[in-house]
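Peer 1: Structure file target_3.cif (mmCIF, C-alpha atoms) right here:
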```
data_data
loop_
_atom_site.label_atom_id
_atom_site.label_comp_id
_atom_site.auth_asym_id
_atom_site.auth_seq_id
_atom_site.Cartn_x
_atom_site.Cartn_y
_atom_site.Cartn_z
CA MET A 85 22.36 138.65 -22.20
CA ASN A 86 25.59 137.29 -23.61
CA SER A 87 26.65 134.32 -21.45
CA ALA A 88 30.35 134.81 -22.15
CA ALA A 89 30.14 138.50 -21.18
CA PHE A 90 28.14 137.66 -18.07
CA SER A 91 30.66 135.00 -17.06
CA LEU A 92 33.51 137.41 -17.59
CA GLY A 93 31.69 140.06 -15.61
CA ASP A 94 31.08 137.65 -12.78
CA LEU A 95 34.75 136.72 -12.81
CA VAL A 96 35.84 140.38 -12.69
CA ARG A 97 33.43 141.19 -9.88
CA THR A 98 34.59 138.22 -7.81
CA TYR A 99 38.28 139.13 -8.10
CA ARG A 100 37.63 142.86 -7.61
CA MET A 101 35.78 142.23 -4.36
CA LYS A 102 38.49 139.82 -3.26
CA SER A 103 41.01 142.60 -3.88
CA GLU A 104 38.76 145.04 -1.96
CA MET A 105 38.82 147.53 -4.84
CA THR A 106 36.01 149.86 -5.83
CA LEU A 107 35.02 150.36 -9.43
CA SER A 108 36.56 153.82 -9.27
CA GLU A 109 39.86 152.48 -7.97
CA LEU A 110 39.94 149.80 -10.66
CA ALA A 111 39.14 152.40 -13.31
CA ASN A 112 41.94 154.68 -12.14
CA THR A 113 44.42 151.81 -12.09
CA THR A 114 43.54 150.31 -15.47
CA GLY A 115 42.56 153.37 -17.46
CA VAL A 116 39.26 151.67 -18.32
CA SER A 117 36.27 153.89 -17.53
CA LYS A 118 34.10 153.16 -14.53
CA GLY A 119 31.06 152.96 -16.78
CA THR A 120 32.68 150.33 -19.00
CA LEU A 121 33.72 148.31 -15.96
CA SER A 122 30.21 148.50 -14.53
CA LYS A 123 28.68 147.32 -17.81
CA LEU A 124 31.25 144.50 -17.98
CA GLU A 125 30.40 143.25 -14.49
CA ASN A 126 26.69 143.45 -15.23
CA GLY A 127 26.98 141.54 -18.45
CA GLU A 128 25.94 144.48 -20.60
CA VAL A 129 29.05 144.39 -22.79
CA LYS A 130 28.47 141.90 -25.60
CA LYS A 131 32.12 141.75 -26.58
CA PRO A 132 34.66 143.44 -24.29
CA ASP A 133 37.65 145.05 -25.93
CA PHE A 134 40.40 142.48 -25.55
CA GLN A 135 43.18 144.93 -24.71
CA LYS A 136 41.07 146.63 -22.03
CA LEU A 137 40.01 143.25 -20.68
CA GLN A 138 43.63 142.14 -20.38
CA ALA A 139 44.49 145.32 -18.47
CA VAL A 140 41.70 144.59 -15.97
CA MET A 141 42.70 140.95 -15.61
CA GLN A 142 46.34 141.88 -15.03
CA VAL A 143 45.51 144.39 -12.28
CA LEU A 144 43.20 141.91 -10.56
CA SER A 145 45.74 139.08 -10.98
CA ILE A 146 43.20 136.90 -12.74
CA PRO A 147 45.00 133.92 -14.36
CA TYR A 148 45.06 134.01 -18.15
CA GLU A 149 43.49 130.58 -18.47
CA ASP A 150 40.61 131.56 -16.16
CA TYR A 151 39.37 134.28 -18.45
CA ILE A 152 40.56 133.44 -21.93
CA GLU A 153 38.25 130.44 -22.35
CA LEU A 154 35.30 132.63 -21.30
CA TYR A 155 36.34 135.42 -23.62
CA VAL A 156 36.72 133.31 -26.76
CA GLN A 157 33.14 132.02 -26.44
CA GLY A 158 31.99 135.51 -27.33
CA GLU A 159 34.66 136.18 -29.96
CA ARG A 160 33.41 136.05 -33.55
CA SER A 161 36.54 137.10 -35.40
CA ALA A 162 38.50 134.18 -36.85
CA LEU A 163 41.60 136.33 -37.06
CA SER A 164 41.36 137.32 -33.39
CA LEU A 165 40.84 133.73 -32.34
CA TRP A 166 43.89 132.66 -34.36
CA GLU A 167 46.00 135.29 -32.62
CA ILE A 168 44.67 134.20 -29.22
CA LEU A 169 45.49 130.57 -30.09
CA GLU A 170 49.07 131.53 -30.89
CA GLU A 171 49.29 133.52 -27.66
CA ALA A 172 47.89 130.65 -25.58
CA ILE A 173 50.49 128.28 -27.01
CA GLU A 174 53.26 130.79 -26.41
CA ARG A 175 52.07 131.13 -22.80
CA LYS A 176 52.18 127.31 -22.51
CA CYS A 177 48.53 127.10 -21.47
CA ILE A 178 47.08 123.74 -20.52
CA SER A 179 45.89 121.53 -23.35
CA THR A 180 42.18 121.96 -22.61
CA THR A 181 42.47 125.73 -23.01
CA ILE A 182 44.31 125.41 -26.30
CA SER A 183 41.77 122.89 -27.56
CA ARG A 184 38.79 125.09 -26.70
CA ILE A 185 40.29 128.11 -28.43
CA ALA A 186 41.03 126.06 -31.55
CA GLU A 187 37.57 124.51 -31.42
CA ARG A 188 35.99 127.97 -31.27
CA TYR A 189 38.09 128.97 -34.27
CA LEU A 190 36.78 126.03 -36.29
CA THR A 191 33.22 126.84 -35.23
CA ILE A 192 33.54 130.43 -36.40
CA VAL A 193 34.85 129.48 -39.85
CA LYS A 194 32.49 126.52 -40.29
CA GLY A 195 31.44 127.82 -43.70
CA GLU A 196 35.00 127.20 -44.88
CA SER A 197 35.60 123.98 -42.98
CA TYR A 198 38.09 122.32 -45.33
CA ASP A 199 40.35 125.35 -45.63
CA ALA A 200 40.14 126.01 -41.87
CA VAL A 201 41.10 122.43 -41.00
CA ALA A 202 43.90 122.51 -43.58
CA GLU A 203 45.29 125.70 -42.05
CA LEU A 204 45.00 124.36 -38.51
CA TYR A 205 46.69 121.10 -39.57
CA GLN A 206 49.64 122.96 -41.09
CA PHE A 207 49.89 125.09 -37.96
CA THR A 208 49.77 121.97 -35.76
CA MET A 209 52.59 120.26 -37.62
CA LYS A 210 54.86 123.24 -36.95
CA GLN A 211 54.49 122.95 -33.17
CA ASP A 212 57.49 121.72 -31.20
CA GLU A 213 55.64 120.65 -28.06
CA GLN A 214 54.26 117.15 -28.52
CA ASP A 215 51.45 117.73 -26.01
CA VAL A 216 50.25 120.75 -27.97
CA LYS A 217 50.52 118.85 -31.23
CA LEU A 218 48.54 115.92 -29.81
CA VAL A 219 45.66 117.98 -28.45
CA LEU A 220 45.29 119.85 -31.75
CA LEU A 221 45.49 116.62 -33.74
CA LYS A 222 42.73 115.09 -31.62
CA LEU A 223 40.56 118.13 -32.32
CA ILE A 224 41.31 117.90 -36.05
CA ILE A 225 40.43 114.19 -36.01
CA ASP A 226 37.11 114.70 -34.22
CA TYR A 227 36.12 117.73 -36.29
CA SER A 228 37.12 116.14 -39.61
CA ARG A 229 35.24 112.95 -38.82
CA SER A 230 32.03 114.81 -37.89
CA HIS A 231 32.26 117.02 -40.99
CA GLY A 232 33.27 114.29 -43.44
CA ILE A 233 36.69 115.79 -44.20
CA MET A 234 38.30 112.38 -44.64
CA GLN A 235 41.68 113.58 -45.91
CA PHE A 236 42.45 115.39 -42.67
CA PHE A 237 40.76 112.71 -40.60
CA ALA A 238 43.31 110.25 -42.02
CA LYS A 239 46.19 112.72 -41.74
CA GLY A 240 45.30 113.47 -38.14
CA LEU A 241 45.15 109.79 -37.24
CA PHE A 242 48.50 109.16 -38.93
CA GLN A 243 50.29 112.03 -37.19
CA LYS A 244 48.75 111.11 -33.84
CA TYR A 245 50.02 107.54 -34.30
CA ARG A 246 53.51 108.80 -35.17
CA ILE A 247 53.68 110.51 -31.79
CA GLU A 248 52.00 107.86 -29.65
CA ARG A 249 54.04 104.97 -31.06
CA ASN A 250 57.13 106.46 -29.38
CA ASP A 251 55.74 105.48 -25.99
CA PHE A 252 57.35 102.06 -25.85
CA THR A 253 55.52 101.16 -22.65
CA LYS A 254 52.32 100.91 -24.73
CA LEU A 255 53.61 99.16 -27.83
CA HIS A 256 50.72 96.70 -28.09
CA GLU A 257 47.99 99.33 -27.67
CA THR A 258 49.50 101.80 -30.11
CA TYR A 259 50.09 99.08 -32.69
CA LEU A 260 46.43 98.11 -32.64
CA SER A 261 45.35 101.73 -32.96
CA GLY A 262 47.86 102.23 -35.75
CA LYS A 263 46.53 99.28 -37.73
CA CYS A 264 43.07 100.84 -37.65
CA ILE A 265 44.41 103.70 -39.78
CA LEU A 266 44.90 101.28 -42.68
CA GLU A 267 41.14 101.46 -43.23
CA TYR A 268 41.56 105.13 -44.16
CA ALA A 269 45.00 104.92 -45.77
CA ASP A 270 43.64 105.62 -49.25
CA PHE A 271 42.83 109.16 -48.11
CA LEU A 272 46.56 109.80 -47.58
CA HIS A 273 49.03 110.85 -50.24
CA GLU A 274 51.13 107.94 -51.50
CA GLU A 275 54.26 109.13 -49.70
CA GLU A 276 52.37 109.32 -46.40
CA LYS A 277 50.88 105.90 -47.08
CA VAL A 278 54.34 104.39 -47.61
CA LYS A 279 55.53 105.92 -44.33
CA LEU A 280 52.47 104.56 -42.51
CA PHE A 281 53.04 101.02 -43.80
CA TYR A 282 56.73 101.16 -42.94
CA MET A 283 56.11 102.49 -39.42
CA LEU A 284 53.53 99.78 -38.79
CA ALA A 285 55.97 97.20 -40.17
CA VAL A 286 58.65 98.34 -37.72
CA HIS A 287 56.07 98.31 -34.94
CA ALA A 288 55.03 94.75 -35.77
CA TYR A 289 58.70 93.73 -35.91
CA SER A 290 59.28 95.23 -32.44
CA LEU A 291 56.44 93.06 -31.15
CA SER A 292 57.93 89.97 -32.85
CA GLU A 293 54.98 89.86 -35.24
CA TYR A 294 57.33 88.98 -38.07
CA ARG A 295 54.76 87.74 -40.60
CA GLU A 296 52.76 90.95 -40.26
CA SER A 297 55.96 92.97 -40.51
CA ILE A 298 56.90 91.22 -43.75
CA GLU A 299 53.46 91.82 -45.25
CA LEU A 300 53.51 95.53 -44.38
CA ASN A 301 57.07 95.97 -45.62
CA GLU A 302 56.23 94.29 -48.92
CA TYR A 303 53.80 97.13 -49.59
CA VAL A 304 56.63 99.61 -49.06
CA ILE A 305 58.99 97.67 -51.34
CA VAL A 306 56.41 97.57 -54.13
CA HIS A 307 55.03 101.10 -53.87
CA ALA A 308 57.96 103.24 -52.70
CA LYS A 309 60.00 104.99 -55.39
CA PRO A 310 63.41 103.36 -56.09
CA ASN A 311 65.30 106.21 -54.39
CA ASN A 312 62.94 106.35 -51.39
CA ILE A 313 64.95 105.57 -48.25
CA TYR A 314 62.04 103.61 -46.80
CA ARG A 315 62.40 101.06 -49.59
CA SER A 316 65.93 100.13 -48.51
CA TYR A 317 64.83 100.08 -44.87
CA ALA A 318 61.93 97.78 -45.76
CA ILE A 319 64.15 95.32 -47.64
CA PHE A 320 66.51 95.07 -44.68
CA ALA A 321 63.59 94.72 -42.27
CA VAL A 322 62.21 91.79 -44.27
CA CYS A 323 65.67 90.22 -44.28
CA ASN A 324 65.71 90.49 -40.49
CA ALA A 325 62.16 89.21 -40.08
CA TYR A 326 62.91 86.04 -42.05
CA TYR A 327 66.14 85.72 -40.04
CA TYR A 328 64.18 85.60 -36.77
CA LEU A 329 61.72 83.16 -38.35
CA ASN A 330 64.72 80.90 -39.12
CA GLU A 331 63.86 81.02 -42.82
CA PHE A 332 67.42 81.66 -43.90
CA ASP A 333 67.01 81.12 -47.64
CA LYS A 334 64.46 83.95 -47.70
CA SER A 335 66.63 86.03 -45.40
CA ARG A 336 69.63 85.62 -47.72
CA GLU A 337 67.46 86.55 -50.73
CA TYR A 338 66.56 89.92 -49.22
CA PHE A 339 70.08 90.31 -47.82
CA HIS A 340 71.47 89.98 -51.34
CA GLU A 341 69.09 92.69 -52.58
CA TYR A 342 69.92 94.94 -49.65
CA SER A 343 73.66 94.54 -50.27
CA LYS A 344 73.27 96.58 -53.46
CA PHE A 345 72.74 99.78 -51.47
CA GLN A 346 76.08 101.55 -51.14
CA ASP A 347 75.41 104.18 -48.47
CA ALA A 348 77.39 103.92 -45.21
CA TYR A 349 74.41 102.91 -43.10
CA SER A 350 73.41 100.06 -45.42
CA GLN A 351 76.96 98.77 -45.81
CA ASP A 352 77.44 98.76 -42.03
CA ASN A 353 74.28 96.68 -41.71
CA VAL A 354 75.55 94.32 -44.40
CA LYS A 355 78.88 93.83 -42.64
CA PHE A 356 77.13 93.08 -39.36
CA MET A 357 74.24 91.00 -40.68
CA ILE A 358 76.28 88.53 -42.72
CA GLY A 359 77.87 87.28 -39.50
CA CYS A 360 74.48 86.84 -37.86
CA ILE A 361 73.02 84.94 -40.79
CA ASN A 362 75.98 82.60 -41.08
CA ALA A 363 76.02 81.90 -37.35
CA ARG A 364 72.29 81.21 -37.15
CA SER A 365 72.10 79.17 -40.36
CA GLY A 366 74.74 76.61 -39.34
CA ASN A 367 78.13 78.09 -40.16
CA VAL A 368 78.78 79.17 -36.59
CA ASP A 369 82.56 79.47 -36.77
CA LEU A 370 82.45 81.72 -39.83
CA GLY A 371 79.66 83.83 -38.35
CA MET A 372 81.55 84.17 -35.08
CA LYS A 373 84.69 85.34 -36.85
CA GLN A 374 82.71 87.84 -38.92
CA LEU A 375 81.05 89.29 -35.82
CA GLU A 376 84.41 89.49 -34.03
CA SER A 377 85.80 91.30 -37.06
CA TYR A 378 82.83 93.68 -37.08
CA LEU A 379 83.39 94.59 -33.42
CA GLU A 380 86.89 95.80 -34.25
CA ASN A 381 85.23 98.93 -35.64
CA PRO A 382 81.51 98.86 -34.81
CA SER A 383 78.98 101.62 -35.45
CA GLU A 384 76.62 102.93 -32.80
CA TRP A 385 73.77 101.58 -34.95
CA ASN A 386 74.73 97.94 -34.52
CA ILE A 387 77.10 97.65 -31.58
CA VAL A 388 74.39 96.40 -29.22
CA HIS A 389 73.11 93.85 -31.73
CA ALA A 390 76.61 92.61 -32.56
CA VAL A 391 77.73 92.21 -28.94
CA VAL A 392 74.58 90.29 -28.02
CA ALA A 393 74.76 88.05 -31.09
CA LEU A 394 78.39 87.18 -30.30
CA MET A 395 77.73 86.75 -26.59
CA ASP A 396 74.93 84.30 -27.38
CA ILE A 397 77.38 82.24 -29.45
CA TYR A 398 79.98 82.24 -26.67
CA MET A 399 77.43 81.29 -24.02
CA SER A 400 76.04 78.48 -26.18
CA ARG A 401 79.60 77.09 -26.19
CA LEU A 402 80.00 77.73 -22.46
CA ASP A 403 82.91 80.02 -23.33
CA VAL A 404 82.43 82.36 -20.36
CA GLU A 405 85.90 83.83 -20.67
CA SER A 406 85.25 85.13 -24.20
CA ALA A 407 81.81 86.38 -23.18
CA GLU A 408 83.35 88.36 -20.31
CA LYS A 409 85.64 90.19 -22.73
CA LEU A 410 82.55 91.70 -24.33
CA PHE A 411 81.85 93.62 -21.10
CA THR A 412 84.32 96.22 -22.37
CA TYR A 413 81.72 97.37 -24.91
CA GLU A 414 79.09 98.10 -22.28
CA THR A 415 79.67 101.85 -22.03
CA LEU A 416 79.51 102.24 -25.80
CA MET A 417 76.37 100.12 -25.92
CA GLU A 418 74.62 102.22 -23.31
CA LYS A 419 75.73 105.42 -25.02
CA SER A 420 74.20 104.22 -28.29
CA ILE A 421 70.69 104.08 -26.79
CA ILE A 422 70.67 107.48 -25.06
CA ALA A 423 68.15 108.85 -27.56
CA HIS A 424 64.69 108.25 -26.09
CA ARG A 425 63.39 107.05 -29.46
CA THR A 426 65.96 104.28 -29.81
CA ALA A 427 64.28 101.32 -31.50
CA PRO A 428 62.65 98.84 -29.10
CA LEU A 429 64.65 95.94 -30.58
CA LYS A 430 67.94 97.60 -29.63
CA ARG A 431 66.64 98.15 -26.10
CA ALA A 432 65.48 94.52 -25.99
CA HIS A 433 68.95 93.36 -26.98
CA LEU A 434 70.52 95.57 -24.33
CA ALA A 435 68.12 94.04 -21.79
CA HIS A 436 69.20 90.58 -22.98
CA TYR A 437 72.84 91.61 -22.57
CA TYR A 438 72.16 92.67 -18.98
CA LYS A 439 70.52 89.29 -18.35
CA LEU A 440 73.48 87.40 -19.82
CA LYS A 441 75.93 89.48 -17.80
CA GLY A 442 73.88 88.73 -14.69
CA ASP A 443 74.13 85.02 -15.47
CA ILE A 444 77.90 85.29 -15.81
CA LEU A 445 78.26 87.27 -12.58
CA LEU A 446 76.14 84.69 -10.77
CA HIS A 447 78.33 81.96 -12.25
CA ASN A 448 81.33 83.85 -10.85
CA ASN A 449 79.78 83.85 -7.35
CA ASP A 450 78.93 87.56 -7.33
CA PRO A 451 75.19 87.45 -6.57
CA GLU A 452 74.94 91.11 -5.52
CA ALA A 453 76.30 92.36 -8.85
CA ALA A 454 74.23 89.75 -10.68
CA LEU A 455 71.02 91.04 -9.08
CA GLU A 456 71.92 94.58 -10.14
CA TYR A 457 72.12 93.48 -13.78
CA PHE A 458 68.98 91.37 -13.55
CA ALA A 459 67.20 94.49 -12.28
CA LYS A 460 68.59 96.57 -15.16
CA SER A 461 67.37 93.92 -17.57
CA THR A 462 63.90 94.03 -16.00
CA ILE A 463 63.67 97.81 -16.34
CA GLU A 464 64.68 97.78 -20.00
CA TYR A 465 62.18 95.04 -20.83
CA LYS A 466 59.36 96.81 -18.98
CA ASN A 467 60.13 100.04 -20.85
CA ILE A 468 59.38 98.31 -24.15
CA SER A 469 56.30 96.39 -22.95
CA ALA A 470 58.17 93.06 -22.89
CA HIS A 471 56.60 92.06 -19.59
CA ASP A 472 56.90 88.34 -20.35
CA LYS A 473 60.70 88.70 -20.38
CA ALA A 474 61.05 91.28 -17.63
CA TYR A 475 61.32 88.80 -14.77
CA ASN A 476 62.77 85.74 -16.50
CA TRP A 477 65.84 86.02 -14.27
CA LEU A 478 63.68 84.69 -11.44
CA CYS A 479 64.08 81.27 -13.02
CA VAL A 480 67.81 81.36 -12.27
#
```
Represent the structure from my file as structure tokens, please.
Peer 2:
Amino acid sequence: MNSAAFSLGDLVRTYRMKSEMTLSELANTTGVSKGTLSKLENGEVKKPDFQKLQAVMQVLSIPYEDYIELYVQGERSALSLWEILEEAIERKCISTTISRIAERYLTIVKGESYDAVAELYQFTMKQDEQDVKLVLLKLIIDYSRSHGIMQFFAKGLFQKYRIERNDFTKLHETYLSGKCILEYADFLHEEEKVKLFYMLAVHAYSLSEYRESIELNEYVIVHAKPNNIYRSYAIFAVCNAYYYLNEFDKSREYFHEYSKFQDAYSQDNVKFMIGCINARSGNVDLGMKQLESYLENPSEWNIVHAVVALMDIYMSRLDVESAEKLFTYETLMEKSIIAHRTAPLKRAHLAHYYKLKGDILLHNNDPEAALEYFAKSTIEYKNISAHDKAYNWLCV
């Protein structure tokens, strides 16, 4: 007796009795013969006709997810399973249902494993819903690993990392899992490999692991094609990493190389970064003037960084009045981080701004407003896993 058919039959019988319908009444309502319904309930139908089954399920109000997983266990047509997978995704079924349908599909076409995984991977990458994409990627990873299909094992890991790294509350965990992919990076195409190294470099930078970030970015600089956008990003990232390590000669070296890029984004970074480097490397007055000049026409890319850099200079000089004038940029700063994937460093700088503003408000004898900004700082830091900084206002 086919277990899937028996399970489906048991499901139909349970709902039919709950609805207090006879087989004859169900047959008249659905157009499915009484004999077919009887055989279905008794497990005598090895593979129920899907259209007839759906008619029965609809009349008995049996949820799609309750019967589809049972049905696919008896389905042996790869094409039918593919169509059911598409339907389940369109119906926004839960991830376990989607995974089991896809798993059954891979089982059916096991004689053509590589092609089947390749097709499922391409299908997965076209999905808009991240939850759907993740559950299918996990299946691809597990299946590819167990069947020795290392190319799609590596691709699956890489794409899974690309999604999970956007959860900034788990930056440390996702960075460690991301680094594990390097062991399988040679199974990726060179362009994918460059992207992986760059994404890990940015991740390391966000965690203040500047040496690791430099090392990862150097791979990108060496292996990316000259016109690859990630190469320019990597050069600027190394410039910034050396900047935060206070190795300003190295920072200037990469800054000089980065200055050669003439696109608007790069030139905006150049205009902003020169002020930061000068201020941090000893020429504070020049750096301060350059940052003030930049803020006359800032971009949304760097407004948060520029305001915080300048505010730090003012506060180091106890120039509270000048620091307070920077409050006028707050709305623009907050608007620039509306996108949920805004880089963690920008969010960290906004959190630092909130902390500095809280300090100023406390200095101005406005403790209630100060606490509000300390709380905002805490929330921003927690959202990027910076728990060590989240409550530093308690030291005030």
Peer 1: Going by the chain IDs and residue numbers used in this file, which residues fall under the PyMOL selection byres ((chain A and resi 371-377) around 9)? Write them as a list in words.
Peer 2: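 So the PyMOL selection byres ((chain A and resi 371-377) around 9), applied here, picks out Lys355, Phe356, Met357, Ile358, Gly359, Cys360, Ile361, Asn362, Ala363, Arg364, Gly366, Asn367, Val368, Asp369, Leu370, Tyr378, Leu379, Glu380, Asn381, Pro382, Ala390, Val391, Ala393, Leu394, Ile397 and Tyr398 of chain A.
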Peer 1: Record the distance separating CA of Thr426 in chain A and CA of Arg315 in chain A, expressed in Å with one decimal.
Peer 2: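 Here the two named atoms are 20.4 Å from each other.
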Peer 1: CA of Leu154 in chain A and CA of Ser91 in chain A, how far apart in Å?
Peer 2: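 CA of Leu154 in chain A lies at a distance of 6.7 Å from CA of Ser91 in chain A.
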Peer 1: For Ile233 in chain A, which residue out of A:Tyr198, A:Tyr294, A:Tyr245, A:Tyr259 is the nearest one, using only C-alpha atoms?
Peer 2: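 Of A:Tyr198, A:Tyr294, A:Tyr245, A:Tyr259, the one nearest Ile233 in chain A, counting only C-alpha atoms, is A:Tyr198.
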Peer 1: Env of Arg188 in chain A: 9 Å cut, atoms = all atoms listed in the file, seq-sep filter 5 positions within chain, self excluded. Answer as a list of chain:residue names.
Peer 2: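 Here the qualifying residues turn out to be A:Val156, A:Gln157, A:Glu159, A:Arg160, A:Ala162, A:Leu165, A:Ser183, A:Val193.
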Peer 1: Fewer than 5 positions away in the same chain doesn't count, so skip those; otherwise give me all residues within 9 Å of Ile224 in chain A, counting only C-alpha atoms, as a count of residues only.
Peer 2: 9
Peer 1: I'd like the residues picked by the PyMOL selection byres ((chain A and resi 242) around 12) written out as an MDAnalysis selection string, using the chain letters and numbers from the file.
Peer 2: chainID A and resid 209 218 221:222 224:225 235:241 243:249 258:259 261:273 276:281 283:284
Peer 1: Grab the CA of Gln346 in chain A to CA of Ala325 in chain A distance for me, in Å with one decimal place.
Peer 2: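 Going from CA of Gln346 in chain A over to CA of Ala325 in chain A covers 21.6 Å.
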Peer 1: Do a neighbour search on Leu300 in chain A at 9 Å with all atoms listed in the file, toss out local chain neighbours closer than 2 positions, and write the hits as a PyMOL selection string.
Peer 2: chain A and resi 281-286+288+295-298+302-304+318
